[in-house]
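*Asks:* Dropping a structure here in structure tokens format, bear with me for questions.
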Amino acid sequence: MRKTIIITLLTLYASNSFSQHSVKVKIGKQTYTVMGDTTKYGFKSTIAKLEKRFVDAADLKLKAIEVGEIKKVSTAYYEVACFYSKDNVVDKSAQYLKKSIDEGWNDMAHLEYDKDLDNLRKTGYWNKITPSIKKYYKSNNREIAAFYAKDQTARLSGKVNKNLAKEDSIRRLRVKVLLRKRKVQSADDYYKAAMIMHHGNVEKDYKLAHKLAKKAYKKKNPHIMAPWLVAATKDRYLLKQDKKQWYGTQGLTFKNGKPALDPKKIDTTAVNSKERKKLNAPSIEKIRNYIKAFSN
């Protein structure tokens, strides 16, 4: 049975380009349809990753950086480091992880928990990275970082976790305690606290998540995903109040194998193009494509 890879589509949804191209990828016994721009090295890298050709994925990602396809090179170099680590090419993994940090990657706690870097952490190369991690925790909360890592791992593992709702609740309660104790101070702390609250289930959770995301965004050296989280938390808060979302970050559905937004769930006039771009939200043109896909 043919399926669509949702994670890939969600990534495309938040990107700055939209394409109708699609390719079939066989993973195990399943054949998947993946949408994207087949002329781009970045898309080819994604396909290689899905097929677990990690060295190829790394090389293609580097080519995407070289030809100017990617603006956030720190994130791209980080992905390259992860790809090389997964295939145990640890010298190149260390090389590009260092390059990622030099280019502006600043969430050092992520390095500590990212399973993609497991092979690298077992080597002597890791000793050159640990001083940066220790320095990170002098101004960032270790407990928030650990909770955030568990929050993300639970959602990206691909496994069903029957205890997720309970675990999420415990994390949200602890975040509130840390907020009351003024233990949440840095841009990364606020971002990670916001993401944890973003995975709540009541209006108050989303309201607090949006407040924290805005603080994260306004802080010096904000997390790379902070702008998007401002938009996403606003949308989720509005939807919880039975109002239309503004940015189009939520409520993504699939119809006829295409990503689609229900036009009843978004106000395309609420924010202008400049604001959308500032928060890394989908453009009006892209949203109209999704609405059209829903209608067809």
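Note on naming: chains are A, B, ... as they come in the structure tokens, residues start from 1 per chain, ligands start from 1 in the order shown.
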Got a sec: who's within 7 Å of His223 (chain A), counting only C-alpha atoms, leaving out chain neighbours fewer than 5 positions off, as JSON, numbers by chain?
*Replies:* {"A": [187, 188, 191]}
*Asks:* Within 12 Å of Leu173 (chain A), counting only C-alpha atoms, which residues show up once you throw out same-chain ones fewer than 4 positions away? Write them as a count of residues only, please.
*Replies:* 15
*Asks:* Please identify all polymer residues within 12 Å of Val89 (chain A), counting only C-alpha atoms, omitting same-chain residues fewer than 2 positions from it, and present them as a PDB file with C-alpha atoms, in the first residue's frame.
*Replies:*
```pdb
ATOM      1  CA  PHE A  54      23.530   8.638   5.366  1.00  0.00           C
ATOM      2  CA  VAL A  55      26.913   9.406   3.768  1.00  0.00           C
ATOM      3  CA  ASP A  56      25.100  10.258   0.532  1.00  0.00           C
ATOM      4  CA  ALA A  58      25.620  14.264   4.069  1.00  0.00           C
ATOM      5  CA  VAL A  80      25.695  16.703   8.063  1.00  0.00           C
ATOM      6  CA  ALA A  81      27.454  15.874  11.339  1.00  0.00           C
ATOM      7  CA  CYS A  82      24.536  13.672  12.355  1.00  0.00           C
ATOM      8  CA  PHE A  83      24.486  11.853   9.011  1.00  0.00           C
ATOM      9  CA  TYR A  84      28.193  11.060   9.208  1.00  0.00           C
ATOM     10  CA  SER A  85      27.867   9.931  12.820  1.00  0.00           C
ATOM     11  CA  LYS A  86      25.039   7.535  11.972  1.00  0.00           C
ATOM     12  CA  ASP A  87      27.325   5.806   9.441  1.00  0.00           C
ATOM     13  CA  ASP A  91      36.122  12.216  11.897  1.00  0.00           C
ATOM     14  CA  LYS A  92      33.883  14.020   9.397  1.00  0.00           C
ATOM     15  CA  SER A  93      31.074  14.128  11.930  1.00  0.00           C
ATOM     16  CA  ALA A  94      33.340  15.952  14.388  1.00  0.00           C
ATOM     17  CA  GLN A  95      34.587  18.269  11.618  1.00  0.00           C
ATOM     18  CA  TYR A  96      31.115  19.421  10.602  1.00  0.00           C
ATOM     19  CA  LEU A 117      25.425  11.641  17.522  1.00  0.00           C
ATOM     20  CA  ASP A 118      25.734   8.468  19.632  1.00  0.00           C
ATOM     21  CA  ASN A 119      28.650   7.097  17.593  1.00  0.00           C
ATOM     22  CA  LEU A 120      30.541  10.376  17.809  1.00  0.00           C
ATOM     23  CA  THR A 123      35.072   8.670  20.522  1.00  0.00           C
ATOM     24  CA  TYR A 125      36.609  13.582  19.192  1.00  0.00           C
TER      25      TYR A 125
END
```
*Asks:* Which neighbours of Asp107 (chain A) fall inside 10 Å, counting only C-alpha atoms, when residues of the same chain fewer than 6 positions from it are skipped, and could you give them as number ranges by chain?
*Replies:* A: 101, 133, 136, 140, 145, 188, 222-224
*Asks:* Keeping only C-alpha atoms, write the selected residues to a file as an mmCIF file, in the first residue's frame.
*Replies:*
```cif
data_model
loop_
_atom_site.group_PDB
_atom_site.id
_atom_site.type_symbol
_atom_site.label_atom_id
_atom_site.label_comp_id
_atom_site.auth_asym_id
_atom_site.auth_seq_id
_atom_site.Cartn_x
_atom_site.Cartn_y
_atom_site.Cartn_z
ATOM 1 C CA ILE A 101 29.029 25.613 16.111
ATOM 2 C CA ILE A 133 28.507 22.048 26.504
ATOM 3 C CA TYR A 136 26.322 26.351 27.757
ATOM 4 C CA ASN A 140 21.034 27.716 30.534
ATOM 5 C CA ALA A 145 17.016 21.027 28.489
ATOM 6 C CA ASP A 188 16.835 28.679 25.053
ATOM 7 C CA PRO A 222 17.150 33.401 20.308
ATOM 8 C CA HIS A 223 16.830 29.729 19.470
ATOM 9 C CA ILE A 224 16.713 29.173 15.712
#
```
*Asks:* Record the distance separating CA of Asp242 (chain A) and CA of Tyr290 (chain A), expressed in Å with one decimal.
*Replies:*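 Going from CA of Asp242 (chain A) over to CA of Tyr290 (chain A) covers 20.7 Å.
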*Asks:* Just list the residues in region 12-193 of chain A DSSP gives strand (DSSP E) on the backbone, as a list in words.
*Replies:*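 Put together, the selection reads Ser22, Val23, Lys24, Val25, Lys26, Ile27, Gln30, Thr31, Tyr32, Thr33, Val34 and Met35 of chain A.
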*Asks:* Which of these residues is nearest to Ala213 (chain A), using only C-alpha atoms: A:Pro227, A:Pro263, A:Gly248, A:Pro131?
*Replies:*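 Nearest candidate to Ala213 (chain A) out of A:Pro227, A:Pro263, A:Gly248, A:Pro131: A:Pro227.
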